[in-house]
file start_20.pdb (PDB, C-alpha atoms, pLDDT in the B column)
ATOM      1  CA  MET E   1     -36.688  56.684 -54.765  1.00 98.00           C
ATOM      2  CA  ASN E   2     -36.591  56.266 -58.517  1.00 98.00           C
ATOM      3  CA  TYR E   3     -33.721  56.877 -60.873  1.00 98.00           C
ATOM      4  CA  TYR E   4     -33.680  57.931 -64.490  1.00 97.00           C
ATOM      5  CA  ASN E   5     -30.359  56.463 -65.580  1.00 97.00           C
ATOM      6  CA  ILE E   6     -26.910  55.328 -64.497  1.00 98.00           C
ATOM      7  CA  THR E   7     -24.016  56.561 -66.586  1.00 97.00           C
ATOM      8  CA  TYR E   8     -20.746  54.667 -66.481  1.00 95.00           C
ATOM      9  CA  ASP E   9     -17.471  56.123 -67.748  1.00 93.00           C
ATOM     10  CA  ASP E  10     -18.653  59.733 -67.343  1.00 94.00           C
ATOM     11  CA  MET E  11     -16.052  62.507 -67.499  1.00 94.00           C
ATOM     12  CA  LEU E  12     -18.331  65.567 -67.516  1.00 92.00           C
ATOM     13  CA  ASN E  13     -19.895  65.513 -64.054  1.00 96.00           C
ATOM     14  CA  GLY E  14     -16.873  65.701 -61.788  1.00 96.00           C
ATOM     15  CA  GLU E  15     -13.170  64.972 -61.828  1.00 96.00           C
ATOM     16  CA  GLY E  16     -11.926  61.752 -63.358  1.00 97.00           C
ATOM     17  CA  LEU E  17     -13.897  58.839 -64.710  1.00 97.00           C
ATOM     18  CA  ARG E  18     -17.128  58.474 -62.741  1.00 98.00           C
ATOM     19  CA  VAL E  19     -20.398  56.715 -62.247  1.00 98.00           C
ATOM     20  CA  VAL E  20     -23.372  59.097 -62.349  1.00 98.00           C
ATOM     21  CA  LEU E  21     -26.694  58.212 -60.754  1.00 98.00           C
ATOM     22  CA  TRP E  22     -29.453  60.381 -62.254  1.00 98.00           C
ATOM     23  CA  VAL E  23     -32.299  60.387 -59.727  1.00 98.00           C
ATOM     24  CA  CYS E  24     -35.930  61.294 -60.370  1.00 98.00           C
ATOM     25  CA  GLY E  25     -37.693  64.069 -58.507  1.00 98.00           C
ATOM     26  CA  CYS E  26     -37.150  67.821 -58.545  1.00 98.00           C
ATOM     27  CA  ASP E  27     -39.273  70.771 -57.562  1.00 96.00           C
ATOM     28  CA  HIS E  28     -36.997  73.572 -58.774  1.00 95.00           C
ATOM     29  CA  PHE E  29     -38.272  73.337 -62.386  1.00 94.00           C
ATOM     30  CA  CYS E  30     -35.420  75.478 -63.738  1.00 93.00           C
ATOM     31  CA  PRO E  31     -36.263  76.960 -67.151  1.00 94.00           C
ATOM     32  CA  LYS E  32     -34.180  75.293 -69.881  1.00 91.00           C
ATOM     33  CA  CYS E  33     -33.076  72.489 -67.548  1.00 92.00           C
ATOM     34  CA  HIS E  34     -31.166  69.889 -69.561  1.00 86.00           C
ATOM     35  CA  ASN E  35     -32.919  67.045 -67.685  1.00 91.00           C
ATOM     36  CA  PRO E  36     -36.633  67.914 -67.380  1.00 94.00           C
ATOM     37  CA  GLY E  37     -37.438  64.220 -67.839  1.00 94.00           C
ATOM     38  CA  THR E  38     -36.074  63.670 -64.332  1.00 96.00           C
ATOM     39  CA  TRP E  39     -38.447  66.067 -62.568  1.00 96.00           C
ATOM     40  CA  ASP E  40     -41.210  63.504 -61.954  1.00 97.00           C
ATOM     41  CA  GLU E  41     -40.364  61.514 -58.818  1.00 97.00           C
ATOM     42  CA  ASN E  42     -42.507  58.641 -60.133  1.00 97.00           C
ATOM     43  CA  GLY E  43     -40.642  58.425 -63.440  1.00 97.00           C
ATOM     44  CA  GLY E  44     -37.754  56.139 -64.231  1.00 97.00           C
ATOM     45  CA  LEU E  45     -37.003  52.909 -62.420  1.00 98.00           C
ATOM     46  CA  PRO E  46     -37.116  51.949 -58.746  1.00 98.00           C
ATOM     47  CA  PHE E  47     -33.778  52.211 -56.946  1.00 98.00           C
ATOM     48  CA  THR E  48     -33.321  48.709 -55.544  1.00 98.00           C
ATOM     49  CA  GLU E  49     -30.711  46.606 -53.780  1.00 97.00           C
ATOM     50  CA  GLU E  50     -29.805  45.197 -57.209  1.00 98.00           C
ATOM     51  CA  THR E  51     -29.198  48.741 -58.458  1.00 98.00           C
ATOM     52  CA  LYS E  52     -26.865  49.378 -55.517  1.00 98.00           C
ATOM     53  CA  GLN E  53     -24.953  46.163 -56.140  1.00 97.00           C
ATOM     54  CA  GLU E  54     -24.543  47.046 -59.829  1.00 97.00           C
ATOM     55  CA  ILE E  55     -23.063  50.414 -58.844  1.00 98.00           C
ATOM     56  CA  PHE E  56     -20.833  48.818 -56.175  1.00 98.00           C
ATOM     57  CA  SER E  57     -19.430  46.335 -58.689  1.00 97.00           C
ATOM     58  CA  TYR E  58     -18.513  49.143 -61.047  1.00 96.00           C
ATOM     59  CA  MET E  59     -17.064  51.309 -58.250  1.00 97.00           C
ATOM     60  CA  GLN E  60     -14.564  48.521 -57.484  1.00 97.00           C
ATOM     61  CA  LYS E  61     -12.697  49.246 -60.699  1.00 97.00           C
ATOM     62  CA  ASP E  62      -9.390  51.025 -60.030  1.00 96.00           C
ATOM     63  CA  TYR E  63      -9.903  53.566 -62.796  1.00 97.00           C
ATOM     64  CA  VAL E  64     -13.234  54.837 -61.413  1.00 98.00           C
ATOM     65  CA  SER E  65     -12.630  58.029 -59.412  1.00 98.00           C
ATOM     66  CA  GLY E  66     -16.003  58.143 -57.710  1.00 98.00           C
ATOM     67  CA  ILE E  67     -19.702  58.688 -58.058  1.00 98.00           C
ATOM     68  CA  THR E  68     -21.807  61.738 -58.854  1.00 98.00           C
ATOM     69  CA  PHE E  69     -25.423  62.145 -57.797  1.00 98.00           C
ATOM     70  CA  SER E  70     -27.439  64.281 -60.202  1.00 98.00           C
ATOM     71  CA  GLY E  71     -30.938  64.360 -61.532  1.00 95.00           C
ATOM     72  CA  GLY E  72     -33.579  65.666 -60.987  1.00 96.00           C
ATOM     73  CA  ASP E  73     -32.327  66.708 -57.587  1.00 98.00           C
ATOM     74  CA  PRO E  74     -30.679  64.211 -55.244  1.00 98.00           C
ATOM     75  CA  LEU E  75     -31.735  66.438 -52.345  1.00 98.00           C
ATOM     76  CA  TYR E  76     -35.391  66.600 -53.407  1.00 98.00           C
ATOM     77  CA  LYS E  77     -37.410  65.888 -50.255  1.00 97.00           C
ATOM     78  CA  ASN E  78     -38.194  62.267 -51.161  1.00 97.00           C
ATOM     79  CA  ASN E  79     -34.617  61.499 -52.307  1.00 98.00           C
ATOM     80  CA  ARG E  80     -32.551  62.896 -49.434  1.00 98.00           C
ATOM     81  CA  GLY E  81     -32.600  59.926 -47.112  1.00 97.00           C
ATOM     82  CA  THR E  82     -31.906  57.317 -49.781  1.00 98.00           C
ATOM     83  CA  VAL E  83     -29.179  59.325 -51.512  1.00 98.00           C
ATOM     84  CA  LEU E  84     -27.335  60.361 -48.360  1.00 98.00           C
ATOM     85  CA  ASN E  85     -27.568  56.886 -46.818  1.00 98.00           C
ATOM     86  CA  PHE E  86     -26.215  55.458 -50.079  1.00 98.00           C
ATOM     87  CA  ALA E  87     -23.388  58.017 -50.004  1.00 98.00           C
ATOM     88  CA  LYS E  88     -22.477  56.766 -46.527  1.00 98.00           C
ATOM     89  CA  GLU E  89     -22.440  53.153 -47.759  1.00 98.00           C
ATOM     90  CA  ILE E  90     -20.256  54.085 -50.726  1.00 98.00           C
ATOM     91  CA  LYS E  91     -17.775  56.012 -48.561  1.00 98.00           C
ATOM     92  CA  GLU E  92     -17.555  53.086 -46.115  1.00 98.00           C
ATOM     93  CA  LYS E  93     -16.912  50.577 -48.931  1.00 98.00           C
ATOM     94  CA  PHE E  94     -14.710  52.846 -51.061  1.00 98.00           C
ATOM     95  CA  PRO E  95     -13.088  55.458 -48.782  1.00 98.00           C
ATOM     96  CA  LYS E  96     -10.656  56.628 -51.488  1.00 97.00           C
ATOM     97  CA  LYS E  97     -13.408  57.346 -54.038  1.00 98.00           C
ATOM     98  CA  ASP E  98     -14.963  60.802 -54.012  1.00 98.00           C
ATOM     99  CA  ILE E  99     -18.646  61.662 -54.015  1.00 98.00           C
ATOM    100  CA  TRP E 100     -20.047  64.646 -55.919  1.00 98.00           C
ATOM    101  CA  LEU E 101     -23.612  65.878 -55.633  1.00 98.00           C
ATOM    102  CA  TYR E 102     -25.521  68.366 -57.813  1.00 98.00           C
ATOM    103  CA  THR E 103     -28.481  70.155 -56.249  1.00 98.00           C
ATOM    104  CA  GLY E 104     -30.649  73.197 -56.823  1.00 97.00           C
ATOM    105  CA  PHE E 105     -30.462  73.911 -53.102  1.00 98.00           C
ATOM    106  CA  MET E 106     -27.783  76.153 -51.633  1.00 98.00           C
ATOM    107  CA  TYR E 107     -25.109  74.705 -49.358  1.00 98.00           C
ATOM    108  CA  GLU E 108     -26.411  76.826 -46.502  1.00 97.00           C
ATOM    109  CA  GLU E 109     -29.805  75.070 -46.787  1.00 97.00           C
ATOM    110  CA  VAL E 110     -28.524  71.485 -46.739  1.00 98.00           C
ATOM    111  CA  PHE E 111     -25.171  71.177 -44.977  1.00 96.00           C
ATOM    112  CA  GLU E 112     -26.754  69.949 -41.737  1.00 96.00           C
ATOM    113  CA  LEU E 113     -28.641  67.044 -43.336  1.00 97.00           C
ATOM    114  CA  PRO E 114     -27.866  63.591 -41.877  1.00 96.00           C
ATOM    115  CA  ASN E 115     -24.962  61.872 -43.672  1.00 97.00           C
ATOM    116  CA  PHE E 116     -24.127  65.045 -45.637  1.00 97.00           C
ATOM    117  CA  GLU E 117     -20.572  64.694 -44.297  1.00 98.00           C
ATOM    118  CA  TYR E 118     -20.012  61.877 -46.814  1.00 98.00           C
ATOM    119  CA  ILE E 119     -20.309  64.258 -49.774  1.00 98.00           C
ATOM    120  CA  ASP E 120     -16.907  65.543 -50.977  1.00 98.00           C
ATOM    121  CA  VAL E 121     -17.961  68.090 -53.605  1.00 98.00           C
ATOM    122  CA  LEU E 122     -21.251  69.947 -53.888  1.00 98.00           C
ATOM    123  CA  VAL E 123     -22.440  71.809 -56.956  1.00 98.00           C
ATOM    124  CA  ASP E 124     -25.173  74.022 -55.538  1.00 98.00           C
ATOM    125  CA  GLY E 125     -27.768  76.457 -56.786  1.00 97.00           C
ATOM    126  CA  GLU E 126     -30.500  76.389 -59.371  1.00 97.00           C
ATOM    127  CA  PHE E 127     -29.563  76.487 -63.051  1.00 96.00           C
ATOM    128  CA  LYS E 128     -30.195  79.998 -64.437  1.00 96.00           C
ATOM    129  CA  ILE E 129     -30.426  80.173 -68.227  1.00 96.00           C
ATOM    130  CA  ASP E 130     -29.554  83.877 -68.249  1.00 96.00           C
ATOM    131  CA  LEU E 131     -26.276  83.010 -66.450  1.00 96.00           C
ATOM    132  CA  PHE E 132     -25.467  80.000 -68.672  1.00 95.00           C
ATOM    133  CA  ASP E 133     -21.866  79.781 -69.844  1.00 93.00           C
ATOM    134  CA  GLU E 134     -20.642  76.742 -71.764  1.00 89.00           C
ATOM    135  CA  LYS E 135     -17.044  77.507 -70.690  1.00 91.00           C
ATOM    136  CA  LEU E 136     -17.764  76.794 -67.026  1.00 92.00           C
ATOM    137  CA  TYR E 137     -16.382  73.590 -65.533  1.00 89.00           C
ATOM    138  CA  TRP E 138     -18.817  71.249 -63.785  1.00 94.00           C
ATOM    139  CA  LYS E 139     -21.688  73.724 -63.647  1.00 95.00           C
ATOM    140  CA  GLY E 140     -24.135  75.229 -66.095  1.00 93.00           C
ATOM    141  CA  SER E 141     -24.582  78.787 -64.844  1.00 95.00           C
ATOM    142  CA  SER E 142     -22.309  81.246 -63.105  1.00 95.00           C
ATOM    143  CA  ASN E 143     -24.475  81.508 -59.972  1.00 97.00           C
ATOM    144  CA  GLN E 144     -23.734  77.882 -59.135  1.00 97.00           C
ATOM    145  CA  ARG E 145     -20.785  76.984 -56.914  1.00 98.00           C
ATOM    146  CA  VAL E 146     -18.512  73.947 -57.027  1.00 98.00           C
ATOM    147  CA  ILE E 147     -17.731  73.600 -53.330  1.00 98.00           C
ATOM    148  CA  ASP E 148     -14.873  71.484 -51.988  1.00 98.00           C
ATOM    149  CA  LEU E 149     -16.660  70.197 -48.905  1.00 98.00           C
ATOM    150  CA  VAL E 150     -13.572  68.481 -47.481  1.00 97.00           C
ATOM    151  CA  LYS E 151     -11.718  71.823 -47.300  1.00 97.00           C
ATOM    152  CA  THR E 152     -14.903  73.637 -46.262  1.00 97.00           C
ATOM    153  CA  ARG E 153     -15.271  71.350 -43.262  1.00 97.00           C
ATOM    154  CA  GLU E 154     -11.557  71.727 -42.403  1.00 97.00           C
ATOM    155  CA  THR E 155     -11.515  75.535 -42.574  1.00 96.00           C
ATOM    156  CA  GLY E 156     -15.061  76.416 -41.555  1.00 96.00           C
ATOM    157  CA  LYS E 157     -15.325  78.636 -44.656  1.00 97.00           C
ATOM    158  CA  ILE E 158     -16.825  77.782 -48.031  1.00 97.00           C
ATOM    159  CA  CYS E 159     -13.971  76.711 -50.303  1.00 97.00           C
ATOM    160  CA  ILE E 160     -14.617  76.767 -54.024  1.00 96.00           C
ATOM    161  CA  LEU E 161     -12.942  73.954 -55.955  1.00 92.00           C
ATOM    162  CA  GLY E 162     -10.216  75.418 -58.124  1.00 74.00           C
ATOM    163  CA  GLY E 163     -10.323  78.624 -56.067  1.00 62.00           C
ATOM    164  CA  GLU E 164     -12.611  80.577 -58.398  1.00 56.00           C
TER     165      GLU E 164
END

call {"tool": "encode", "arguments": {"input": "start_20.pdb", "output": "structure tokens"}}
result
Amino acid sequence: MNYYNITYDDMLNGEGLRVVLWVCGCDHFCPKCHNPGTWDENGGLPFTEETKQEIFSYMQKDYVSGITFSGGDPLYKNNRGTVLNFAKEIKEKFPKKDIWLYTGFMYEEVFELPNFEYIDVLVDGEFKIDLFDEKLYWKGSSNQRVIDLVKTRETGKICILGGE
């Protein structure tokens, strides 16, 4: 897997102060995507053990709430294993930190993936420019859902964060 960038001190892609790993690879090709440079799975830099260690060292800071996986698409076919295995490692090392994941796939398409249980919040659905609304929190278009996966797993029903 390759990644495009790592953002530290991010407050736009989930609750609190976060690390964001922007992965490369996406086959949704949403019109007006704000990250088309991440579509090519061969772009960016290789995700290595050194990259992991850099993220782990930052995640140790008390003021970091968690990590967000974005892109590209973290659940693009060639990213799934690496991203979800890394999510498991993060949750084992930092059980109090939350993990958010943005994907163009719908929850119903991905919830049974191995290690998906380590994701706490899922922002699902393709970005739709005709449904864009800059007033939305944590998503770009109104068709997307911000799903509290912890509550969803507890109740067996999809629970939208903030109860929208």

call {"tool": "resolve_selection", "arguments": {"input": "start_20.pdb", "expression": "the PyMOL selection byres ((chain E and resi 110) around 12)", "output": "JSON, numbers by chain"}}
result
{"E": [74, 75, 76, 77, 80, 84, 101, 102, 103, 104, 105, 106, 107, 108, 109, 111, 112, 113, 114, 115, 116, 117, 119, 122, 123, 124, 125]}

call {"tool": "write_last_selection", "arguments": {"input": "start_20.pdb", "atoms": "C-alpha atoms", "output": "PDB file, in the coordinates of the input"}}
result
ATOM      1  CA  PRO E  74     -30.679  64.211 -55.244  1.00 98.00           C
ATOM      2  CA  LEU E  75     -31.735  66.438 -52.345  1.00 98.00           C
ATOM      3  CA  TYR E  76     -35.391  66.600 -53.407  1.00 98.00           C
ATOM      4  CA  LYS E  77     -37.410  65.888 -50.255  1.00 97.00           C
ATOM      5  CA  ARG E  80     -32.551  62.896 -49.434  1.00 98.00           C
ATOM      6  CA  LEU E  84     -27.335  60.361 -48.360  1.00 98.00           C
ATOM      7  CA  LEU E 101     -23.612  65.878 -55.633  1.00 98.00           C
ATOM      8  CA  TYR E 102     -25.521  68.366 -57.813  1.00 98.00           C
ATOM      9  CA  THR E 103     -28.481  70.155 -56.249  1.00 98.00           C
ATOM     10  CA  GLY E 104     -30.649  73.197 -56.823  1.00 97.00           C
ATOM     11  CA  PHE E 105     -30.462  73.911 -53.102  1.00 98.00           C
ATOM     12  CA  MET E 106     -27.783  76.153 -51.633  1.00 98.00           C
ATOM     13  CA  TYR E 107     -25.109  74.705 -49.358  1.00 98.00           C
ATOM     14  CA  GLU E 108     -26.411  76.826 -46.502  1.00 97.00           C
ATOM     15  CA  GLU E 109     -29.805  75.070 -46.787  1.00 97.00           C
ATOM     16  CA  PHE E 111     -25.171  71.177 -44.977  1.00 96.00           C
ATOM     17  CA  GLU E 112     -26.754  69.949 -41.737  1.00 96.00           C
ATOM     18  CA  LEU E 113     -28.641  67.044 -43.336  1.00 97.00           C
ATOM     19  CA  PRO E 114     -27.866  63.591 -41.877  1.00 96.00           C
ATOM     20  CA  ASN E 115     -24.962  61.872 -43.672  1.00 97.00           C
ATOM     21  CA  PHE E 116     -24.127  65.045 -45.637  1.00 97.00           C
ATOM     22  CA  GLU E 117     -20.572  64.694 -44.297  1.00 98.00           C
ATOM     23  CA  ILE E 119     -20.309  64.258 -49.774  1.00 98.00           C
ATOM     24  CA  LEU E 122     -21.251  69.947 -53.888  1.00 98.00           C
ATOM     25  CA  VAL E 123     -22.440  71.809 -56.956  1.00 98.00           C
ATOM     26  CA  ASP E 124     -25.173  74.022 -55.538  1.00 98.00           C
ATOM     27  CA  GLY E 125     -27.768  76.457 -56.786  1.00 97.00           C
TER      28      GLY E 125
END

call {"tool": "resolve_selection", "arguments": {"input": "start_20.pdb", "expression": "the PyMOL selection byres ((chain E and resi 58) around 12)", "output": "list of chain:residue names"}}
result
E:Ile6, E:Thr7, E:Tyr8, E:Asp9, E:Leu17, E:Arg18, E:Val19, E:Val20, E:Thr51, E:Lys52, E:Gln53, E:Glu54, E:Ile55, E:Phe56, E:Ser57, E:Met59, E:Gln60, E:Lys61, E:Asp62, E:Tyr63, E:Val64, E:Ser65, E:Gly66, E:Ile67, E:Ile90, E:Phe94, E:Lys97

call {"tool": "atom_distance", "arguments": {"input": "start_20.pdb", "atom1": "CA of Asn35 in chain E", "atom2": "CA of Val146 in chain E"}}
result
19.2 Å

call {"tool": "closest_residue", "arguments": {"input": "start_20.pdb", "among": "E:Val150, E:Gly72, E:Met11, E:Thr48", "to": "Val23 in chain E", "atoms": "all atoms listed in the file"}}
result
E:Gly72

call {"tool": "atom_distance", "arguments": {"input": "start_20.pdb", "atom1": "CA of Lys139 in chain E", "atom2": "CA of Asn13 in chain E"}}
result
8.4 Å

call {"tool": "residues_around", "arguments": {"input": "start_20.pdb", "residues": "Thr38 in chain E", "least_positions_apart": "6", "cutoff": "10 Å", "atoms": "all atoms listed in the file", "output": "list in words"}}
result
Asn2, Tyr3, Tyr4, Asn5, Trp22, Val23, Cys24, Gly25, Cys26, Gly44, Ser70, Gly71, Gly72 and Asp73 of chain E

call {"tool": "atom_distance", "arguments": {"input": "start_20.pdb", "atom1": "CA of Val121 in chain E", "atom2": "CA of Phe47 in chain E"}}
result
22.7 Å

call {"tool": "closest_residue", "arguments": {"input": "start_20.pdb", "among": "E:Thr152, E:Thr68, E:Ser141, E:Thr82", "to": "Asp98 in chain E", "atoms": "all atoms listed in the file"}}
result
E:Thr68

call {"tool": "closest_residue", "arguments": {"input": "start_20.pdb", "among": "E:Gly16, E:Asp120, E:Pro46, E:Glu134", "to": "Lys91 in chain E", "atoms": "only C-alpha atoms"}}
result
E:Asp120

call {"tool": "closest_residue", "arguments": {"input": "start_20.pdb", "among": "E:Ile99, E:Ala87, E:Cys159, E:Ile129", "to": "Lys32 in chain E", "atoms": "all atoms listed in the file"}}
result
E:Ile129

call {"tool": "axis_aligned_box", "arguments": {"input": "start_20.pdb", "around": "range 83-95 of chain E", "padding_each_side": "8 Å", "output": "JSON"}}
result
{"center_x": -21.1, "center_y": 55.5, "center_z": -48.8, "size_x": 32.1, "size_y": 25.8, "size_z": 21.4}

call {"tool": "resolve_selection", "arguments": {"input": "start_20.pdb", "expression": "the PyMOL selection byres ((chain E and resi 130) around 12)", "output": "PyMOL selection string"}}
result
chain E and resi 30-33+126-129+131-134+140-143

call {"tool": "build_atoms", "arguments": {"input": "start_20.pdb", "residues": "range 125-151 of chain E", "atoms": "N, CA and C atoms", "output": "PDB file, keeping the file's coordinate frame"}}
result
ATOM      1  N   GLY E 125     -27.060  75.361 -56.136  1.00 97.00           N
ATOM      2  CA  GLY E 125     -27.768  76.457 -56.786  1.00 97.00           C
ATOM      3  C   GLY E 125     -28.549  76.020 -58.012  1.00 97.00           C
ATOM      4  N   GLU E 126     -29.665  76.678 -58.208  1.00 97.00           N
ATOM      5  CA  GLU E 126     -30.500  76.389 -59.371  1.00 97.00           C
ATOM      6  C   GLU E 126     -29.803  76.828 -60.656  1.00 97.00           C
ATOM      7  N   PHE E 127     -30.052  76.095 -61.734  1.00 96.00           N
ATOM      8  CA  PHE E 127     -29.563  76.487 -63.051  1.00 96.00           C
ATOM      9  C   PHE E 127     -30.328  77.730 -63.496  1.00 96.00           C
ATOM     10  N   LYS E 128     -29.593  78.741 -63.944  1.00 96.00           N
ATOM     11  CA  LYS E 128     -30.195  79.998 -64.437  1.00 96.00           C
ATOM     12  C   LYS E 128     -29.776  80.181 -65.893  1.00 96.00           C
ATOM     13  N   ILE E 129     -30.735  80.093 -66.797  1.00 96.00           N
ATOM     14  CA  ILE E 129     -30.426  80.173 -68.227  1.00 96.00           C
ATOM     15  C   ILE E 129     -29.780  81.496 -68.593  1.00 96.00           C
ATOM     16  N   ASP E 130     -30.159  82.579 -67.921  1.00 96.00           N
ATOM     17  CA  ASP E 130     -29.554  83.877 -68.249  1.00 96.00           C
ATOM     18  C   ASP E 130     -28.107  83.980 -67.756  1.00 96.00           C
ATOM     19  N   LEU E 131     -27.658  83.039 -66.930  1.00 96.00           N
ATOM     20  CA  LEU E 131     -26.276  83.010 -66.450  1.00 96.00           C
ATOM     21  C   LEU E 131     -25.509  81.811 -67.026  1.00 96.00           C
ATOM     22  N   PHE E 132     -26.101  81.147 -68.027  1.00 95.00           N
ATOM     23  CA  PHE E 132     -25.467  80.000 -68.672  1.00 95.00           C
ATOM     24  C   PHE E 132     -24.159  80.419 -69.332  1.00 95.00           C
ATOM     25  N   ASP E 133     -23.154  79.558 -69.190  1.00 93.00           N
ATOM     26  CA  ASP E 133     -21.866  79.781 -69.844  1.00 93.00           C
ATOM     27  C   ASP E 133     -21.265  78.411 -70.129  1.00 93.00           C
ATOM     28  N   GLU E 134     -21.155  78.067 -71.398  1.00 89.00           N
ATOM     29  CA  GLU E 134     -20.642  76.742 -71.764  1.00 89.00           C
ATOM     30  C   GLU E 134     -19.171  76.553 -71.410  1.00 89.00           C
ATOM     31  N   LYS E 135     -18.465  77.615 -71.045  1.00 91.00           N
ATOM     32  CA  LYS E 135     -17.044  77.507 -70.690  1.00 91.00           C
ATOM     33  C   LYS E 135     -16.825  77.143 -69.228  1.00 91.00           C
ATOM     34  N   LEU E 136     -17.884  77.118 -68.446  1.00 92.00           N
ATOM     35  CA  LEU E 136     -17.764  76.794 -67.026  1.00 92.00           C
ATOM     36  C   LEU E 136     -17.484  75.302 -66.837  1.00 92.00           C
ATOM     37  N   TYR E 137     -16.648  74.981 -65.862  1.00 89.00           N
ATOM     38  CA  TYR E 137     -16.382  73.590 -65.533  1.00 89.00           C
ATOM     39  C   TYR E 137     -17.366  73.114 -64.477  1.00 89.00           C
ATOM     40  N   TRP E 138     -17.986  71.984 -64.742  1.00 94.00           N
ATOM     41  CA  TRP E 138     -18.817  71.249 -63.785  1.00 94.00           C
ATOM     42  C   TRP E 138     -20.072  71.973 -63.332  1.00 94.00           C
ATOM     43  N   LYS E 139     -20.443  73.041 -63.987  1.00 95.00           N
ATOM     44  CA  LYS E 139     -21.688  73.724 -63.647  1.00 95.00           C
ATOM     45  C   LYS E 139     -22.217  74.390 -64.905  1.00 95.00           C
ATOM     46  N   GLY E 140     -23.520  74.681 -64.900  1.00 93.00           N
ATOM     47  CA  GLY E 140     -24.135  75.229 -66.095  1.00 93.00           C
ATOM     48  C   GLY E 140     -24.284  76.732 -66.102  1.00 93.00           C
ATOM     49  N   SER E 141     -24.397  77.339 -64.910  1.00 95.00           N
ATOM     50  CA  SER E 141     -24.582  78.787 -64.844  1.00 95.00           C
ATOM     51  C   SER E 141     -23.682  79.373 -63.765  1.00 95.00           C
ATOM     52  N   SER E 142     -23.323  80.623 -63.956  1.00 95.00           N
ATOM     53  CA  SER E 142     -22.309  81.246 -63.105  1.00 95.00           C
ATOM     54  C   SER E 142     -22.737  81.475 -61.661  1.00 95.00           C
ATOM     55  N   ASN E 143     -24.026  81.384 -61.359  1.00 97.00           N
ATOM     56  CA  ASN E 143     -24.475  81.508 -59.972  1.00 97.00           C
ATOM     57  C   ASN E 143     -24.196  80.252 -59.154  1.00 97.00           C
ATOM     58  N   GLN E 144     -23.974  79.142 -59.831  1.00 97.00           N
ATOM     59  CA  GLN E 144     -23.734  77.882 -59.135  1.00 97.00           C
ATOM     60  C   GLN E 144     -22.302  77.845 -58.607  1.00 97.00           C
ATOM     61  N   ARG E 145     -22.116  77.106 -57.513  1.00 98.00           N
ATOM     62  CA  ARG E 145     -20.785  76.984 -56.914  1.00 98.00           C
ATOM     63  C   ARG E 145     -20.371  75.517 -56.904  1.00 98.00           C
ATOM     64  N   VAL E 146     -19.092  75.275 -57.147  1.00 98.00           N
ATOM     65  CA  VAL E 146     -18.512  73.947 -57.027  1.00 98.00           C
ATOM     66  C   VAL E 146     -17.703  73.989 -55.727  1.00 98.00           C
ATOM     67  N   ILE E 147     -18.288  73.447 -54.671  1.00 98.00           N
ATOM     68  CA  ILE E 147     -17.731  73.600 -53.330  1.00 98.00           C
ATOM     69  C   ILE E 147     -16.959  72.349 -52.919  1.00 98.00           C
ATOM     70  N   ASP E 148     -15.702  72.551 -52.548  1.00 98.00           N
ATOM     71  CA  ASP E 148     -14.873  71.484 -51.988  1.00 98.00           C
ATOM     72  C   ASP E 148     -15.287  71.338 -50.530  1.00 98.00           C
ATOM     73  N   LEU E 149     -16.114  70.348 -50.248  1.00 98.00           N
ATOM     74  CA  LEU E 149     -16.660  70.197 -48.905  1.00 98.00           C
ATOM     75  C   LEU E 149     -15.629  69.681 -47.912  1.00 98.00           C
ATOM     76  N   VAL E 150     -14.626  68.952 -48.387  1.00 97.00           N
ATOM     77  CA  VAL E 150     -13.572  68.481 -47.481  1.00 97.00           C
ATOM     78  C   VAL E 150     -12.836  69.691 -46.904  1.00 97.00           C
ATOM     79  N   LYS E 151     -12.403  70.608 -47.770  1.00 97.00           N
ATOM     80  CA  LYS E 151     -11.718  71.823 -47.300  1.00 97.00           C
ATOM     81  C   LYS E 151     -12.660  72.742 -46.533  1.00 97.00           C
TER      82      LYS E 151
END
